[in-house]
Amino acid sequence: MRPPRRPWLLTATATLTTAVFLLPVYWMVKTSLTRPDRIQTPDPQWAPSPVTGENYSTALGYEGLTRALFNSLVISCGVVALTLLLGVPLAYALARVRMRGSGTMVLALLVAQLPPAIVLAAPLFILERRAGLTDTYLGLIAADTTLTLPFTVIVLRPVMRSVSPELEEAALVDGCGLSGVLLRVVLPLMVPAVVAAAGLSFLIGWGEFLFGLTLAEGPGVQPVTVLLNAFIGQHGTSWGALMATATLISIPVVCVFAVFQRFIVGGLTAGSVRG
């Protein structure tokens, strides 16, 4: 492939596109460091002057913030565990086991990603209320897993199909069952894909708002994303505290992506050659 004649043009375009996408993030952080009486001035400033931590003090002093952060951590880790527990065997079965309807199941998983979360909220609420799972960690984890499981299976299936079948056949000859082949042979070869699925499942679980609002009746198990509503009142919005809380919520997301970026990018492209 011939190199582009104007690499600077591509660099400038990529830089401009990145700046446009990062502008809301910068404005969020900037607002969180701005004095509350200067946030809604007629002439907005691009840099906070003076820089203040007052908004963070207000946010951290809110009574339910610590509990909400703990709830989000429990829910996100639970989503990761349940997604991998169900997604890895299902992806392996669809990739290796010959059975009728496997193509239909893959199509169903693709279709399952199309409806928005608000479409699933009402049926999930009815089902979980009858099962007694509303206002529980398990109910929220199960609801969020409906969003992460189809994506995980679709990502892992082609990666598993790219693993040489001869390795699995040799393990079967040595006495390993299907579970042993999956755990001892296949999984060690697809660590990047599994880490990518786990990281994206954590991000989806951490940022989910709708299920936390509809399936949890009180602050006992509600995630931190629902807590953002507390800063929006009938007589106005506390923009400083709201942006400070949003910045605090974003820190774990940035850390997860920064740590697992190599695995996420590599895992998502690992099965692109063969599917």
# chains A, B, ... in the order shown; residues from 1 in each chain; ligands from 1
>>> residues_around(residues="Pro252 in chain A", least_positions_apart="6", cutoff="10 Å", atoms="only C-alpha atoms", output="ChimeraX atom specification")
/A:73,202-203,206,258
>>> write_last_selection(atoms="N, CA and C atoms", output="compact mmCIF listing (two decimals), in the first residue's frame")
# COMPACT_ATOMS: atom_id res chain seq x y z
N LEU A 73 -19.81 -0.20 41.64
CA LEU A 73 -18.69 -1.13 41.59
C LEU A 73 -19.18 -2.58 41.70
N PHE A 202 -17.61 -4.13 31.82
CA PHE A 202 -17.49 -3.25 32.98
C PHE A 202 -17.93 -1.83 32.65
N LEU A 203 -17.51 -1.33 31.49
CA LEU A 203 -17.88 0.03 31.10
C LEU A 203 -19.38 0.16 30.91
N TRP A 206 -21.00 0.05 34.34
CA TRP A 206 -20.72 1.26 35.12
C TRP A 206 -21.56 2.44 34.63
N ALA A 258 -7.53 2.89 29.85
CA ALA A 258 -6.10 3.13 29.73
C ALA A 258 -5.30 1.87 30.03
>>> residues_around(residues="Leu94 in chain A", least_positions_apart="6", cutoff="8 Å", atoms="only C-alpha atoms", output="tab-separated table (two decimals) with C-alpha atoms, in the first residue's frame")
chain	number	residue	atom	x	y	z
A	102	SER	CA	-26.72	-22.34	15.69
A	106	VAL	CA	-26.23	-16.04	16.20
A	157	ARG	CA	-17.16	-16.65	18.70
>>> residues_around(residues="Thr152 in chain A", least_positions_apart="5", cutoff="10 Å", atoms="only C-alpha atoms", output="list in words")
Thr83, Leu84, Leu86, Gly87, Val88, Leu90, Ala91, Leu109, Thr145, Leu147, Arg157, Ala193, Val194, Ala196, Ala197, Ala198, Leu200 and Ser201 of chain A
>>> write_last_selection(atoms="C-alpha atoms", output="PDB file, in the first residue's frame")
ATOM      1  CA  THR A  83     -21.253 -12.090  31.256  1.00  0.00           C
ATOM      2  CA  LEU A  84     -18.092 -14.199  31.087  1.00  0.00           C
ATOM      3  CA  LEU A  86     -22.471 -17.301  30.379  1.00  0.00           C
ATOM      4  CA  GLY A  87     -20.784 -15.825  27.306  1.00  0.00           C
ATOM      5  CA  VAL A  88     -17.621 -17.937  27.117  1.00  0.00           C
ATOM      6  CA  LEU A  90     -22.080 -20.097  24.746  1.00  0.00           C
ATOM      7  CA  ALA A  91     -19.543 -18.664  22.312  1.00  0.00           C
ATOM      8  CA  LEU A 109     -27.929 -12.383  19.302  1.00  0.00           C
ATOM      9  CA  THR A 145     -26.079  -8.559  31.322  1.00  0.00           C
ATOM     10  CA  LEU A 147     -26.900  -5.732  27.076  1.00  0.00           C
ATOM     11  CA  ARG A 157     -17.157 -16.652  18.703  1.00  0.00           C
ATOM     12  CA  ALA A 193     -10.469 -11.164  23.550  1.00  0.00           C
ATOM     13  CA  VAL A 194     -11.684 -12.191  27.007  1.00  0.00           C
ATOM     14  CA  ALA A 196     -11.705  -6.935  25.899  1.00  0.00           C
ATOM     15  CA  ALA A 197     -15.119  -8.440  26.607  1.00  0.00           C
ATOM     16  CA  ALA A 198     -14.611  -8.021  30.360  1.00  0.00           C
ATOM     17  CA  LEU A 200     -16.366  -3.395  27.761  1.00  0.00           C
ATOM     18  CA  SER A 201     -18.836  -5.219  30.020  1.00  0.00           C
TER      19      SER A 201
END
>>> closest_residue(among="A:Tyr62, A:Leu183, A:Leu172, A:Gly103", to="Leu85 in chain A", atoms="only C-alpha atoms")
A:Leu183
>>> closest_residue(among="A:Ile75, A:Arg161, A:Thr11, A:Gln40", to="Gly207 in chain A", atoms="only C-alpha atoms")
A:Ile75
>>> residues_around(residues="range 166-169 of chain A", least_positions_apart="6", cutoff="9 Å", atoms="only C-alpha atoms", output="compact mmCIF listing (two decimals) with N, CA and C atoms, in the first residue's frame")
# COMPACT_ATOMS: atom_id res chain seq x y z
N CYS A 176 -8.97 -34.94 28.04
CA CYS A 176 -9.71 -33.75 28.47
C CYS A 176 -11.14 -33.80 27.90
N LEU A 178 -14.79 -31.56 27.13
CA LEU A 178 -15.01 -30.27 26.50
C LEU A 178 -14.70 -29.12 27.44
N VAL A 181 -10.93 -28.76 27.67
CA VAL A 181 -10.41 -28.15 26.45
C VAL A 181 -10.63 -26.64 26.47
N LEU A 182 -11.82 -26.24 26.89
CA LEU A 182 -12.14 -24.82 26.92
C LEU A 182 -11.26 -24.07 27.93
N VAL A 185 -7.03 -25.12 27.11
CA VAL A 185 -6.45 -24.95 25.78
C VAL A 185 -6.94 -23.67 25.11
N VAL A 186 -8.24 -23.49 25.06
CA VAL A 186 -8.81 -22.38 24.28
C VAL A 186 -8.63 -21.04 24.99
>>> closest_residue(among="A:Pro48, A:Pro188, A:Pro36, A:Gly212", to="Asp144 in chain A", atoms="only C-alpha atoms")
A:Gly212
>>> select_by_dssp(residues="range 189-256 of chain A", states="alpha helix (DSSP H)", output="JSON, numbers by chain")
{"A": [189, 191, 192, 193, 194, 195, 196, 197, 198, 199, 200, 201, 202, 203, 204, 205, 206, 207, 210, 211, 212, 213, 214, 224, 225, 226, 227, 239, 240, 241, 242, 243, 244, 245, 246, 247, 248, 249, 250, 251, 252, 253, 254, 255, 256]}
>>> closest_residue(among="A:Leu110, A:Ala12, A:Ala93, A:Leu23", to="Pro150 in chain A", atoms="only C-alpha atoms")
A:Leu110
>>> closest_residue(among="A:Leu210, A:Leu114, A:Ala14, A:Leu33", to="Thr225 in chain A", atoms="only C-alpha atoms")
A:Leu210
>>> closest_residue(among="A:Ser250, A:Ser49, A:Gln222, A:Thr146", to="Ser72 in chain A", atoms="only C-alpha atoms")
A:Gln222
>>> residues_around(residues="Leu213 in chain A", least_positions_apart="5", cutoff="12 Å", atoms="only C-alpha atoms", output="PDB file with C-alpha atoms, in the first residue's frame")
ATOM      1  CA  ALA A 117     -32.577  -0.241  26.655  1.00  0.00           C
ATOM      2  CA  ILE A 118     -35.840   1.640  27.198  1.00  0.00           C
ATOM      3  CA  ALA A 121     -36.938  -1.864  30.727  1.00  0.00           C
ATOM      4  CA  ALA A 122     -40.685  -2.559  31.037  1.00  0.00           C
ATOM      5  CA  PHE A 125     -39.327  -4.862  35.361  1.00  0.00           C
ATOM      6  CA  THR A 134     -36.390  -5.722  41.901  1.00  0.00           C
ATOM      7  CA  ASP A 135     -34.354  -3.446  44.151  1.00  0.00           C
ATOM      8  CA  LEU A 140     -29.593  -5.005  38.180  1.00  0.00           C
ATOM      9  CA  ALA A 143     -30.619  -6.645  33.510  1.00  0.00           C
ATOM     10  CA  GLU A 208     -25.962   2.082  32.734  1.00  0.00           C
ATOM     11  CA  GLY A 218     -34.478   3.322  46.492  1.00  0.00           C
ATOM     12  CA  PRO A 219     -30.886   4.487  46.887  1.00  0.00           C
ATOM     13  CA  GLY A 220     -29.879   1.233  48.582  1.00  0.00           C
ATOM     14  CA  VAL A 221     -28.745  -0.445  45.352  1.00  0.00           C
ATOM     15  CA  GLN A 222     -29.000   2.366  42.788  1.00  0.00           C
ATOM     16  CA  PRO A 223     -25.792   3.064  40.799  1.00  0.00           C
ATOM     17  CA  VAL A 224     -23.986   6.361  40.843  1.00  0.00           C
ATOM     18  CA  THR A 225     -25.374   7.360  37.438  1.00  0.00           C
ATOM     19  CA  VAL A 226     -28.836   7.637  39.012  1.00  0.00           C
ATOM     20  CA  LEU A 227     -27.391   9.867  41.713  1.00  0.00           C
ATOM     21  CA  LEU A 228     -26.768  12.556  39.099  1.00  0.00           C
ATOM     22  CA  ASN A 229     -30.500  13.277  39.162  1.00  0.00           C
TER      23      ASN A 229
END
>>> atom_distance(atom1="CA of Phe21 in chain A", atom2="CA of Cys255 in chain A")
18.4 Å
